[in-house]
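What follows is the content of query.cif (mmCIF, C-alpha atoms).
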```cif
data_work
#
loop_
_atom_site.label_atom_id
_atom_site.label_comp_id
_atom_site.auth_asym_id
_atom_site.auth_seq_id
_atom_site.Cartn_x
_atom_site.Cartn_y
_atom_site.Cartn_z
CA MET A 249 88.73 103.88 -48.53
CA SER A 250 92.10 105.46 -48.85
CA CYS A 251 95.05 105.28 -46.52
CA GLY A 252 95.16 109.05 -46.32
CA THR A 253 91.95 109.34 -44.38
CA ASN A 254 92.35 106.45 -41.98
CA ARG A 255 95.71 105.65 -40.47
CA ASP A 256 94.56 102.36 -39.04
CA CYS A 257 93.02 100.93 -42.16
CA GLY A 258 95.61 98.13 -42.16
CA CYS A 259 96.16 98.46 -45.92
CA ALA A 260 99.79 97.40 -45.64
CA THR A 261 98.87 93.97 -44.36
CA SER A 262 95.44 93.27 -45.79
CA ALA A 263 95.60 94.44 -49.42
CA SER A 264 97.37 92.34 -52.09
CA PRO A 265 98.92 89.79 -49.75
CA GLY A 266 101.29 88.44 -52.42
CA VAL A 267 103.37 91.56 -52.73
CA ASP A 268 103.07 92.91 -49.23
CA ALA A 269 103.74 89.65 -47.43
CA GLY A 270 107.14 89.54 -49.09
CA ARG A 271 107.86 93.16 -48.30
CA ARG A 272 106.77 92.67 -44.73
CA ALA A 273 108.98 89.62 -44.34
CA PHE A 274 111.92 91.58 -45.73
CA LEU A 275 111.31 94.49 -43.39
CA LYS A 276 110.89 92.15 -40.46
CA SER A 277 114.14 90.40 -41.26
CA GLY A 278 115.79 93.79 -41.56
CA ALA A 279 114.74 94.59 -38.02
CA ALA A 280 117.24 92.04 -36.80
CA PHE A 281 120.43 92.60 -38.68
CA ALA A 282 123.83 91.24 -37.89
CA THR A 283 126.78 93.56 -38.02
CA VAL A 284 130.29 92.28 -38.50
CA ALA A 285 133.33 94.48 -38.16
CA LEU A 286 135.76 93.74 -41.01
CA THR A 287 138.33 96.28 -39.91
CA PRO A 288 138.02 98.86 -37.17
CA THR A 289 136.33 101.32 -39.53
CA VAL A 290 134.53 99.09 -42.06
CA THR A 291 131.50 97.08 -41.00
CA LEU A 292 129.38 94.61 -42.87
CA MET A 293 125.69 94.57 -42.13
CA ALA A 294 124.01 91.30 -43.01
CA PHE A 295 120.24 91.20 -43.35
CA GLY A 296 118.42 87.98 -42.65
CA ALA A 297 115.71 86.46 -40.51
CA GLY A 298 117.76 84.68 -37.88
CA ASP A 299 117.16 83.58 -34.32
CA ALA A 300 117.24 87.18 -33.19
CA ALA A 301 114.27 88.03 -35.41
CA ALA A 302 112.25 85.13 -34.03
CA GLN A 303 113.15 86.15 -30.50
CA GLY A 304 112.37 89.80 -31.24
CA ALA A 305 108.85 88.93 -32.32
CA GLN A 306 108.08 87.63 -28.84
CA GLU A 307 109.56 90.67 -27.15
CA ARG A 308 107.31 93.09 -29.01
CA LEU A 309 103.83 94.27 -28.14
CA ASN A 310 100.82 92.03 -28.65
CA PRO A 311 98.91 93.51 -31.64
CA ALA A 312 95.78 91.49 -30.80
CA ALA A 313 95.36 93.22 -27.44
CA ARG A 314 93.37 96.35 -26.64
CA TRP A 315 94.55 97.56 -23.27
CA GLY A 316 91.98 99.42 -21.23
CA LEU A 317 90.84 100.43 -17.78
CA LEU A 318 87.62 99.89 -15.90
CA ILE A 319 86.98 102.39 -13.11
CA ASP A 320 84.26 101.79 -10.54
CA VAL A 321 83.35 105.34 -9.52
CA SER A 322 81.38 104.16 -6.47
CA LYS A 323 84.64 102.83 -4.98
CA CYS A 324 86.65 105.95 -5.82
CA GLY A 325 87.13 107.56 -2.43
CA ASP A 326 86.36 111.16 -1.57
CA GLY A 327 89.61 113.07 -1.51
CA CYS A 328 91.65 109.95 -2.28
CA ASN A 329 94.52 110.90 -4.54
CA GLU A 330 96.50 107.64 -4.58
CA CYS A 331 96.39 107.16 -8.36
CA VAL A 332 97.63 110.70 -9.03
CA THR A 333 100.43 110.39 -6.48
CA ALA A 334 101.49 107.01 -7.86
CA CYS A 335 101.52 108.34 -11.43
CA ARG A 336 103.66 111.30 -10.42
CA LYS A 337 106.12 109.10 -8.62
CA GLU A 338 106.26 106.56 -11.43
CA ASN A 339 106.64 108.99 -14.30
CA GLY A 340 108.38 111.88 -12.56
CA TRP A 341 105.98 114.76 -13.28
CA GLU A 342 105.50 117.18 -10.44
CA ASP A 343 104.47 120.70 -9.47
CA THR A 344 106.85 123.38 -10.64
CA GLY A 345 104.81 126.11 -8.97
CA HIS A 346 102.96 127.06 -12.15
CA PRO A 347 99.53 125.48 -11.77
CA ALA A 348 98.25 126.88 -15.06
CA THR A 349 100.90 125.12 -17.13
CA ASP A 350 102.08 122.18 -15.00
CA ALA A 351 101.93 118.72 -16.51
CA GLN A 352 98.88 116.66 -15.59
CA TRP A 353 98.82 113.06 -16.75
CA ILE A 354 95.92 112.14 -14.45
CA ARG A 355 93.61 114.28 -12.33
CA LYS A 356 90.73 113.78 -9.94
CA VAL A 357 87.53 115.40 -11.20
CA THR A 358 84.43 116.07 -9.07
CA LEU A 359 81.07 116.03 -10.83
CA THR A 360 78.09 117.53 -9.06
CA ASP A 361 74.48 117.43 -10.17
CA PRO A 362 73.33 121.05 -9.65
CA LYS A 363 69.73 119.98 -8.98
CA SER A 364 70.14 117.16 -6.50
CA GLY A 365 73.59 118.09 -5.21
CA ALA A 366 74.78 114.50 -5.67
CA SER A 367 78.45 114.37 -6.43
CA ARG A 368 80.94 111.83 -7.74
CA GLU A 369 84.72 111.79 -7.86
CA LEU A 370 86.61 110.09 -10.63
CA PRO A 371 90.10 110.01 -12.07
CA VAL A 372 90.45 111.27 -15.65
CA MET A 373 93.50 110.60 -17.79
CA CYS A 374 94.16 109.95 -21.49
CA GLN A 375 91.20 107.80 -22.50
CA HIS A 376 93.25 105.86 -25.11
CA CYS A 377 90.58 106.24 -27.79
CA ASP A 378 90.18 103.79 -30.62
CA GLU A 379 89.62 106.79 -32.93
CA PRO A 380 91.95 109.31 -31.30
CA PRO A 381 91.43 112.90 -32.53
CA CYS A 382 94.95 113.79 -31.32
CA VAL A 383 96.35 111.34 -33.87
CA ASP A 384 94.16 112.75 -36.65
CA VAL A 385 95.40 116.30 -36.19
CA CYS A 386 99.11 115.66 -35.57
CA PRO A 387 101.05 117.19 -38.49
CA THR A 388 104.22 115.12 -37.96
CA GLY A 389 102.88 111.68 -37.05
CA ALA A 390 104.26 112.05 -33.52
CA SER A 391 100.88 111.38 -31.94
CA PHE A 392 100.09 107.76 -32.70
CA LYS A 393 98.17 104.70 -31.53
CA ARG A 394 100.18 101.57 -30.85
CA ALA A 395 98.88 98.32 -32.30
CA ASP A 396 97.65 97.33 -28.83
CA GLY A 397 95.52 100.46 -28.49
CA ILE A 398 97.79 102.67 -26.36
CA VAL A 399 97.84 106.28 -27.59
CA LEU A 400 101.29 107.82 -27.24
CA VAL A 401 103.44 110.78 -28.28
CA ASP A 402 106.65 109.89 -30.09
CA LYS A 403 108.67 112.77 -28.66
CA HIS A 404 111.39 112.23 -31.25
CA ARG A 405 108.89 113.50 -33.82
CA CYS A 406 106.90 115.98 -31.72
CA ILE A 407 107.46 119.61 -32.69
CA GLY A 408 105.40 120.98 -29.81
CA CYS A 409 102.65 122.57 -31.95
CA ARG A 410 99.99 121.49 -29.43
CA TYR A 411 97.27 120.77 -31.99
CA CYS A 412 96.65 117.48 -30.17
CA MET A 413 96.04 119.34 -26.92
CA MET A 414 93.34 121.37 -28.62
CA ALA A 415 91.82 118.33 -30.33
CA CYS A 416 91.55 116.22 -27.18
CA PRO A 417 88.04 116.51 -25.66
CA TYR A 418 89.34 115.23 -22.31
CA LYS A 419 92.12 117.83 -21.89
CA ALA A 420 94.38 114.87 -21.26
CA ARG A 421 97.56 116.30 -22.73
CA SER A 422 100.02 118.80 -21.37
CA PHE A 423 103.01 120.66 -22.74
CA ILE A 424 106.41 120.87 -21.08
CA HIS A 425 107.41 124.50 -20.84
CA GLU A 426 110.68 124.28 -18.94
CA ALA A 427 113.92 122.34 -19.27
CA LEU A 428 113.99 119.25 -17.06
CA ILE A 429 116.77 117.22 -15.48
CA ASP A 430 116.87 113.80 -13.83
CA GLN A 431 113.83 112.35 -15.58
CA LYS A 432 112.89 108.74 -14.88
CA PRO A 433 114.90 106.45 -17.20
CA HIS A 434 111.70 104.68 -18.33
CA ALA A 435 109.71 107.90 -18.86
CA PRO A 436 111.68 110.39 -20.96
CA ARG A 437 110.19 113.91 -20.85
CA GLY A 438 111.58 117.10 -22.29
CA LYS A 439 110.93 120.76 -22.93
CA GLY A 440 109.00 121.59 -26.09
CA THR A 441 107.08 118.34 -26.37
CA VAL A 442 103.54 117.28 -25.51
CA GLU A 443 102.90 114.39 -23.15
CA SER A 444 100.05 112.46 -21.57
CA CYS A 445 99.23 109.27 -19.74
CA THR A 446 101.08 106.39 -21.42
CA LEU A 447 99.04 103.78 -19.53
CA CYS A 448 102.49 103.02 -18.04
CA VAL A 449 103.55 101.47 -21.33
CA HIS A 450 106.94 100.48 -19.91
CA ARG A 451 105.19 98.44 -17.24
CA ILE A 452 102.73 96.87 -19.69
CA ASP A 453 105.62 95.80 -21.91
CA SER A 454 107.11 93.92 -18.97
CA GLY A 455 103.78 92.39 -17.94
CA ARG A 456 102.96 94.66 -15.00
CA ASN A 457 99.90 96.78 -14.19
CA PRO A 458 99.91 100.58 -14.56
CA ALA A 459 101.10 102.42 -11.44
CA CYS A 460 97.68 104.03 -10.78
CA VAL A 461 95.91 100.66 -10.83
CA GLU A 462 98.54 99.09 -8.60
CA SER A 463 98.31 101.83 -5.97
CA CYS A 464 94.49 102.06 -6.15
CA ASN A 465 94.25 98.38 -5.38
CA ALA A 466 96.97 98.44 -2.73
CA THR A 467 96.14 101.55 -0.70
CA GLY A 468 93.18 103.21 -2.45
CA GLY A 469 89.60 102.11 -2.84
CA GLY A 470 90.28 99.28 -5.29
CA ALA A 471 88.29 101.10 -7.95
CA MET A 472 90.56 100.50 -10.94
CA MET A 473 90.98 97.42 -13.09
CA PHE A 474 93.40 97.01 -15.99
CA GLY A 475 93.37 94.43 -18.77
CA ASP A 476 92.84 93.40 -22.36
CA LEU A 477 89.38 94.46 -23.59
CA ASN A 478 89.78 92.27 -26.69
CA ASP A 479 90.34 89.06 -24.74
CA PRO A 480 86.88 87.71 -23.82
CA GLU A 481 88.47 85.57 -21.08
CA SER A 482 90.11 88.54 -19.30
CA ALA A 483 88.61 89.80 -16.04
CA ILE A 484 88.13 93.32 -17.40
CA ALA A 485 86.32 92.16 -20.57
CA LYS A 486 83.97 90.01 -18.47
CA ARG A 487 83.21 92.92 -16.13
CA VAL A 488 82.63 95.31 -19.05
CA ALA A 489 80.25 92.78 -20.63
CA GLU A 490 78.43 92.25 -17.34
CA LEU A 491 78.08 95.84 -16.09
CA ALA A 492 76.56 98.81 -17.83
CA SER A 493 79.79 100.75 -18.21
CA THR A 494 80.01 104.28 -19.57
CA GLN A 495 82.67 105.92 -21.67
CA LEU A 496 83.19 109.65 -21.17
CA ARG A 497 81.61 111.65 -24.01
CA ASP A 498 80.62 108.48 -25.85
CA ASP A 499 78.51 110.72 -28.09
CA LEU A 500 81.75 111.68 -29.86
CA GLY A 501 82.19 108.13 -31.13
CA LEU A 502 85.86 107.93 -30.16
CA ASP A 503 85.47 104.57 -28.36
CA PRO A 504 87.77 105.28 -25.39
CA GLY A 505 89.63 102.38 -23.79
CA VAL A 506 88.78 103.71 -20.33
CA HIS A 507 85.37 102.58 -19.08
CA TYR A 508 83.55 103.88 -15.99
CA VAL A 509 80.83 102.18 -13.96
CA ASN A 510 78.39 103.73 -11.46
CA LEU A 511 79.00 107.16 -12.94
CA MET B 202 164.43 111.05 -67.70
CA THR B 203 166.01 113.08 -64.95
CA SER B 204 163.16 115.60 -65.11
CA PHE B 205 160.67 112.72 -64.63
CA ARG B 206 162.63 111.51 -61.63
CA GLN B 207 162.74 115.00 -60.23
CA ILE B 208 158.96 115.41 -60.65
CA ALA B 209 158.32 112.02 -59.09
CA LEU B 210 160.56 112.92 -56.17
CA VAL B 211 158.83 116.27 -55.68
CA LEU B 212 155.40 114.54 -55.81
CA LEU B 213 156.55 111.92 -53.30
CA VAL B 214 157.76 114.63 -50.94
CA LEU B 215 154.54 116.62 -51.42
CA ILE B 216 152.33 113.61 -50.71
CA GLY B 217 154.54 112.11 -48.05
CA ALA B 218 155.09 115.23 -46.01
CA PRO B 219 151.55 115.68 -44.62
CA VAL B 220 151.27 111.96 -43.85
CA ALA B 221 154.55 112.00 -41.99
CA ALA B 222 153.51 115.19 -40.23
CA ALA B 223 150.18 113.64 -39.14
CA LEU B 224 151.91 110.58 -37.72
CA ALA B 225 154.39 112.78 -35.95
CA GLN B 226 151.60 114.81 -34.48
CA GLU B 227 149.85 111.74 -33.16
CA ALA B 228 153.07 110.48 -31.64
CA SER B 229 153.87 113.86 -30.17
CA GLY B 230 150.87 113.81 -27.86
CA VAL B 231 147.90 115.62 -29.33
CA PRO B 232 145.30 115.31 -26.55
CA LEU B 233 142.86 112.46 -27.21
CA PRO B 234 139.51 112.10 -25.41
CA ALA B 235 139.80 110.32 -22.07
CA VAL B 236 137.00 107.76 -22.39
CA PRO B 237 135.83 106.50 -18.97
CA LYS B 238 135.78 102.73 -18.46
CA ALA B 239 132.43 100.95 -18.35
CA VAL B 240 131.07 99.64 -15.05
CA LYS B 241 130.19 96.23 -16.50
CA PRO B 242 132.20 94.12 -18.96
CA ALA B 243 131.36 94.56 -22.66
CA PRO B 244 128.45 92.35 -23.82
CA ASP B 245 130.58 90.96 -26.65
CA ALA B 246 134.13 91.22 -27.99
CA ASN B 247 133.05 93.37 -30.92
CA HIS B 248 131.11 95.87 -28.79
CA GLU B 249 133.62 98.70 -28.67
CA GLN B 250 134.37 98.90 -32.39
CA LEU B 251 130.71 98.38 -33.34
CA MET B 252 129.52 101.13 -31.05
CA ARG B 253 132.27 103.58 -31.98
CA SER B 254 131.23 103.42 -35.63
CA ASN B 255 127.51 102.73 -35.39
CA HIS B 256 126.07 103.82 -32.02
CA MET B 257 124.06 106.63 -33.58
CA SER B 258 122.31 104.38 -36.11
CA LEU B 259 121.78 101.53 -33.66
CA LEU B 260 120.30 103.86 -31.04
CA LYS B 261 118.02 105.51 -33.58
CA HIS B 262 116.80 102.16 -34.87
CA LYS B 263 116.22 100.88 -31.36
CA ARG B 264 114.34 104.02 -30.29
CA ASP B 265 111.70 103.48 -32.99
CA LEU B 266 111.38 99.81 -32.10
CA THR B 267 110.90 100.74 -28.45
CA VAL B 268 108.40 103.56 -28.89
CA HIS B 269 106.30 101.97 -31.64
CA GLU B 270 106.77 98.22 -31.17
CA GLY B 271 107.34 98.01 -27.43
CA ASP B 272 110.76 96.35 -27.72
CA ARG B 273 112.35 96.95 -24.32
CA THR B 274 115.25 94.51 -24.56
CA PRO B 275 118.52 95.93 -23.20
CA GLN B 276 120.42 95.61 -26.50
CA TYR B 277 121.19 99.06 -27.95
CA SER B 278 118.90 100.77 -25.44
CA LEU B 279 120.03 104.20 -24.27
CA ASN B 280 119.23 103.31 -20.67
CA GLU B 281 121.62 100.39 -20.94
CA CYS B 282 124.38 102.71 -22.26
CA VAL B 283 123.84 105.12 -19.41
CA THR B 284 123.78 102.35 -16.80
CA CYS B 285 126.95 100.52 -17.92
CA HIS B 286 128.86 103.70 -18.66
CA ALA B 287 127.92 105.60 -15.50
CA VAL B 288 130.77 107.71 -14.13
CA THR B 289 130.82 108.27 -10.38
CA GLY B 290 131.36 111.90 -9.43
CA GLY B 291 132.85 113.48 -6.32
CA ASP B 292 129.60 113.08 -4.34
CA GLY B 293 129.53 109.30 -4.89
CA LYS B 294 126.60 109.58 -7.31
CA ALA B 295 126.68 109.07 -11.06
CA VAL B 296 127.34 112.32 -12.91
CA THR B 297 124.75 113.80 -15.27
CA VAL B 298 125.50 115.03 -18.76
CA ALA B 299 126.00 118.50 -17.25
CA ASP B 300 129.37 117.23 -15.98
CA PRO B 301 132.23 117.14 -18.56
CA GLN B 302 133.27 113.76 -17.11
CA HIS B 303 130.08 112.14 -18.46
CA PHE B 304 130.82 109.18 -20.73
CA CYS B 305 129.02 110.60 -23.78
CA ARG B 306 130.59 114.00 -23.37
CA ALA B 307 134.13 112.63 -23.38
CA CYS B 308 134.00 112.15 -27.16
CA HIS B 309 131.16 114.48 -28.09
CA ASP B 310 132.95 117.48 -26.59
CA TYR B 311 136.16 116.43 -28.35
CA VAL B 312 134.53 116.32 -31.81
CA ALA B 313 132.13 119.21 -31.04
CA VAL B 314 128.98 117.23 -31.91
CA LYS B 315 125.91 118.26 -29.91
CA ILE B 316 123.63 115.51 -28.63
CA ASP B 317 119.94 116.10 -27.91
CA CYS B 318 119.19 112.74 -26.27
CA PHE B 319 119.47 114.02 -22.74
CA GLU B 320 117.03 116.89 -23.15
CA CYS B 321 114.38 114.21 -22.54
CA HIS B 322 116.26 111.07 -21.46
CA ALA B 323 117.89 110.51 -18.10
CA SER B 324 121.67 110.84 -18.40
CA ARG B 325 122.41 108.70 -15.35
CA PRO B 326 120.94 105.49 -13.96
CA GLY B 327 117.69 105.84 -12.02
CA ASP B 328 117.34 104.85 -8.38
CA GLU B 329 116.31 101.33 -9.23
CA ASP B 330 119.33 100.83 -11.49
CA LYS B 331 121.90 102.36 -9.19
CA ALA B 332 122.53 99.40 -6.93
CA ALA B 333 123.06 97.09 -9.90
CA GLY B 334 124.86 99.51 -12.20
CA LEU B 335 127.22 101.38 -9.97
CA ALA B 336 128.44 98.88 -7.43
CA ALA B 337 132.18 98.32 -7.76
CA PRO B 338 133.30 94.68 -7.30
CA GLY B 339 134.25 95.34 -3.67
CA GLU B 340 130.86 96.83 -2.92
CA SER B 341 128.81 93.90 -4.19
CA ALA B 342 128.23 92.59 -0.68
CA VAL B 343 126.94 96.00 0.45
CA ALA B 344 124.70 96.20 -2.64
CA ALA B 345 123.32 92.71 -1.99
CA LEU B 346 122.63 93.68 1.61
CA SER B 347 120.84 96.89 0.61
CA ASP B 348 118.79 94.95 -1.96
CA TYR B 349 117.83 92.49 0.75
CA LEU B 350 116.88 95.31 3.13
CA GLN B 351 114.74 96.90 0.43
CA GLU B 352 112.97 93.59 -0.15
CA VAL B 353 112.31 93.19 3.55
CA GLU B 354 110.88 96.73 3.67
CA GLN B 355 108.53 95.95 0.84
#
```

The structure given in the file should be rewritten as structure tokens.
Amino acid sequence: MSCGTNRDCGCATSASPGVDAGRRAFLKSGAAFATVALTPTVTLMAFGAGDAAAQGAQERLNPAARWGLLIDVSKCGDGCNECVTACRKENGWEDTGHPATDAQWIRKVTLTDPKSGASRELPVMCQHCDEPPCVDVCPTGASFKRADGIVLVDKHRCIGCRYCMMACPYKARSFIHEALIDQKPHAPRGKGTVESCTLCVHRIDSGRNPACVESCNATGGGAMMFGDLNDPESAIAKRVAELASTQLRDDLGLDPGVHYVNL
Amino acid sequence: MTSFRQIALVLLVLIGAPVAAALAQEASGVPLPAVPKAVKPAPDANHEQLMRSNHMSLLKHKRDLTVHEGDRTPQYSLNECVTCHAVTGGDGKAVTVADPQHFCRACHDYVAVKIDCFECHASRPGDEDKAAGLAAPGESAVAALSDYLQEVEQ
């Protein structure tokens, strides 16, 4: 297997531990560098694994985790839009009067069986796939999967080509067509870049639940559950093991992190 | 010998003149950027010099750590810059980067270097940061009261 075909092959850490362990340690120590000003214009940057590096390691994401959602469709209320409203408020995306091109991080979808007429409502957002096609097609490496399974767009690298939007089978991504002002400080968004549900990554990094889950449990039907799918002791992993949950379009083999029950 | 002295003197004048002129210019009041004062005290004594020389590299390094590694500590975060260096405008709110008074614009306009950060990032503190970031020392009691009222509401 070559690194070129699979971005998550983990070659950097698993192959030839002798060489790469040293390189990794050096790079890690470089992440926390001390800078000393010798004169007002000359500075000395000292590399070394100090206390800051040790502290930094704890403040980073947990690479062993796989964050996911479990949505009980039977509890998802008819016409309830709490999760969408909460997401808008949290991340600052809103109607600009152009429904065809407006951003949509999460939407309510109604499925109806044409024969029986039975219908279900469910929220659909970025499914945070384990094998994300948006990451495969991105020409600049802007679309990426964090070590804890959250699929994001690094807008510093995004050139707005929108290949990822075409690759996504869930239509989860949107493109920002117009210049924006007064974005939320924790959710930068700008013209010419693609965006999607971040699973409220800023909240996860500070140990909180995503905004949609919080509002669904507070004022909605209590249909959403958030947690670490990799941790067998977590509530979500236990529920997923216990119930026959479905992933949307599981035939595609993308292994989404969002699971649905009673669909 | 005299010709050597003459050449040396001419060289000295040639080299010295621009230096003297530059000093004179600085002393004679060439407009310098008016950098607004920060709302909070500097995190360390070295902060000003370090940031003047290195803010672009530190911010770029931090941005990758934040996006890819989830490091959301306040050190070298752009949100922290914007919060501590918020400038209050005429309407009592922090000004955005559209206003020439904005902290970043003070120098960036002066040296004619365009910044792209604020095409995506907020250029002033968000609602949740305002009470903490913008309260002047005299207003701390009011801020504490409004915080308390918000808590009660919740």

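The smallest atom-to-atom distance between Phe304 of chain B and any of B:Val283, B:Asp317, B:His269, B:Tyr277, using all atoms listed in the file, is found for B:Val283.
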
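Minimum distance to Thr267 of chain B across A:Leu318, A:Leu447, A:Ala492, A:Leu400 (counting all atoms listed in the file) occurs at A:Leu400.
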
For segment 341-354 of chain A: contacts at 7 Å, all atoms listed in the file, fewer than 6 positions along chain excluded, given as a list in words: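 Contacts, in chain order: Val332, Pro371, Val372, Met373, Ala420, Arg421, Ser422, Phe423, Ile424, Ser444 and Cys445 of chain A.
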
Please enumerate the residues selected by the PyMOL selection byres ((chain B) within 12 of (chain A)) when evaluated against the supplied file, formatted as a PyMOL selection string. chain B and resi 245-256+258-259+261-284+295-299+317-331

Generate the output file for the selected residues, C-alpha atoms, as a short mmCIF file (atom, residue, chain, number, x, y, z; two decimals), in the frame of the given file.
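Saved file again23.cif follows:
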```cif
data_model
loop_
_atom_site.label_atom_id
_atom_site.label_comp_id
_atom_site.auth_asym_id
_atom_site.auth_seq_id
_atom_site.Cartn_x
_atom_site.Cartn_y
_atom_site.Cartn_z
CA ASP B 245 130.58 90.96 -26.65
CA ALA B 246 134.13 91.22 -27.99
CA ASN B 247 133.05 93.37 -30.92
CA HIS B 248 131.11 95.87 -28.79
CA GLU B 249 133.62 98.70 -28.67
CA GLN B 250 134.37 98.90 -32.39
CA LEU B 251 130.71 98.38 -33.34
CA MET B 252 129.52 101.13 -31.05
CA ARG B 253 132.27 103.58 -31.98
CA SER B 254 131.23 103.42 -35.63
CA ASN B 255 127.51 102.73 -35.39
CA HIS B 256 126.07 103.82 -32.02
CA SER B 258 122.31 104.38 -36.11
CA LEU B 259 121.78 101.53 -33.66
CA LYS B 261 118.02 105.51 -33.58
CA HIS B 262 116.80 102.16 -34.87
CA LYS B 263 116.22 100.88 -31.36
CA ARG B 264 114.34 104.02 -30.29
CA ASP B 265 111.70 103.48 -32.99
CA LEU B 266 111.38 99.81 -32.10
CA THR B 267 110.90 100.74 -28.45
CA VAL B 268 108.40 103.56 -28.89
CA HIS B 269 106.30 101.97 -31.64
CA GLU B 270 106.77 98.22 -31.17
CA GLY B 271 107.34 98.01 -27.43
CA ASP B 272 110.76 96.35 -27.72
CA ARG B 273 112.35 96.95 -24.32
CA THR B 274 115.25 94.51 -24.56
CA PRO B 275 118.52 95.93 -23.20
CA GLN B 276 120.42 95.61 -26.50
CA TYR B 277 121.19 99.06 -27.95
CA SER B 278 118.90 100.77 -25.44
CA LEU B 279 120.03 104.20 -24.27
CA ASN B 280 119.23 103.31 -20.67
CA GLU B 281 121.62 100.39 -20.94
CA CYS B 282 124.38 102.71 -22.26
CA VAL B 283 123.84 105.12 -19.41
CA THR B 284 123.78 102.35 -16.80
CA ALA B 295 126.68 109.07 -11.06
CA VAL B 296 127.34 112.32 -12.91
CA THR B 297 124.75 113.80 -15.27
CA VAL B 298 125.50 115.03 -18.76
CA ALA B 299 126.00 118.50 -17.25
CA ASP B 317 119.94 116.10 -27.91
CA CYS B 318 119.19 112.74 -26.27
CA PHE B 319 119.47 114.02 -22.74
CA GLU B 320 117.03 116.89 -23.15
CA CYS B 321 114.38 114.21 -22.54
CA HIS B 322 116.26 111.07 -21.46
CA ALA B 323 117.89 110.51 -18.10
CA SER B 324 121.67 110.84 -18.40
CA ARG B 325 122.41 108.70 -15.35
CA PRO B 326 120.94 105.49 -13.96
CA GLY B 327 117.69 105.84 -12.02
CA ASP B 328 117.34 104.85 -8.38
CA GLU B 329 116.31 101.33 -9.23
CA ASP B 330 119.33 100.83 -11.49
CA LYS B 331 121.90 102.36 -9.19
#
```

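This file, filtered with the PyMOL selection byres ((chain B and resi 288) around 8), gives the residues B:Pro237, B:His286, B:Ala287, B:Thr289, B:Gly290, B:Ala295, B:Val296, B:Gln302, B:His303, B:Phe304.
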
Applying the PyMOL selection byres ((chain A and resi 487) around 12) to the file I just gave you, which residues come out? Please list them as a ChimeraX atom specification. /A:317-320,472-477,479-486,488-493,507-509

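In this structure, atom CA of Arg355 of chain A sits 17.4 Å away from atom CA of Gly316 of chain A.
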
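Computed from the coordinates, the atom CA of Ala390 of chain A to atom CA of Cys409 of chain A distance equals 10.8 Å.
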
What's the separation between atom CA of Asp292 of chain B and atom CA of Arg306 of chain B, in Å to one decimal place?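 So the two atoms, atom CA of Asp292 of chain B and atom CA of Arg306 of chain B, lie 19.1 Å apart.
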
May I ask which of the residues A:Thr467, A:Gly505, A:Arg451, A:Leu500 is the closest one to Asn339 of chain A, counting all atoms listed in the file? A:Arg451

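Nearest residue to Cys305 of chain B among B:Ala243, B:Cys285, B:Val236, B:Val231 is B:Val236, counting only C-alpha atoms.
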
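With only C-alpha atoms as the atoms that count, the minimum distance from Ala312 of chain A to the choices A:Gly408, A:Gly365, A:Gly397, A:Pro380 is reached by A:Gly397.
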
Residue rebuild result segment 315-325 of chain B, N, CA and C atoms as a PDB file, in the coordinates of the input:
```pdb
ATOM      1  N   LYS B 315     126.921 118.079 -30.956  1.00  0.00           N
ATOM      2  CA  LYS B 315     125.910 118.260 -29.910  1.00  0.00           C
ATOM      3  C   LYS B 315     124.948 117.087 -29.895  1.00  0.00           C
ATOM      4  N   ILE B 316     124.626 116.580 -28.714  1.00  0.00           N
ATOM      5  CA  ILE B 316     123.630 115.510 -28.630  1.00  0.00           C
ATOM      6  C   ILE B 316     122.372 116.037 -27.936  1.00  0.00           C
ATOM      7  N   ASP B 317     121.222 115.642 -28.469  1.00  0.00           N
ATOM      8  CA  ASP B 317     119.940 116.100 -27.910  1.00  0.00           C
ATOM      9  C   ASP B 317     119.291 115.065 -27.008  1.00  0.00           C
ATOM     10  N   CYS B 318     119.841 113.836 -27.001  1.00  0.00           N
ATOM     11  CA  CYS B 318     119.190 112.740 -26.270  1.00  0.00           C
ATOM     12  C   CYS B 318     118.766 113.129 -24.867  1.00  0.00           C
ATOM     13  N   PHE B 319     119.687 113.822 -24.165  1.00  0.00           N
ATOM     14  CA  PHE B 319     119.470 114.020 -22.740  1.00  0.00           C
ATOM     15  C   PHE B 319     118.602 115.237 -22.413  1.00  0.00           C
ATOM     16  N   GLU B 320     118.026 115.862 -23.443  1.00  0.00           N
ATOM     17  CA  GLU B 320     117.030 116.890 -23.150  1.00  0.00           C
ATOM     18  C   GLU B 320     115.754 116.222 -22.634  1.00  0.00           C
ATOM     19  N   CYS B 321     115.529 114.970 -23.046  1.00  0.00           N
ATOM     20  CA  CYS B 321     114.380 114.210 -22.540  1.00  0.00           C
ATOM     21  C   CYS B 321     114.831 113.010 -21.696  1.00  0.00           C
ATOM     22  N   HIS B 322     115.873 112.311 -22.128  1.00  0.00           N
ATOM     23  CA  HIS B 322     116.260 111.070 -21.460  1.00  0.00           C
ATOM     24  C   HIS B 322     117.140 111.335 -20.241  1.00  0.00           C
ATOM     25  N   ALA B 323     117.036 110.441 -19.287  1.00  0.00           N
ATOM     26  CA  ALA B 323     117.890 110.510 -18.100  1.00  0.00           C
ATOM     27  C   ALA B 323     119.329 110.227 -18.524  1.00  0.00           C
ATOM     28  N   SER B 324     120.273 111.019 -17.997  1.00  0.00           N
ATOM     29  CA  SER B 324     121.670 110.840 -18.400  1.00  0.00           C
ATOM     30  C   SER B 324     122.452 110.055 -17.352  1.00  0.00           C
ATOM     31  N   ARG B 325     121.763 109.592 -16.324  1.00  0.00           N
ATOM     32  CA  ARG B 325     122.410 108.700 -15.350  1.00  0.00           C
ATOM     33  C   ARG B 325     121.401 107.661 -14.897  1.00  0.00           C
TER      34      ARG B 325
END
```
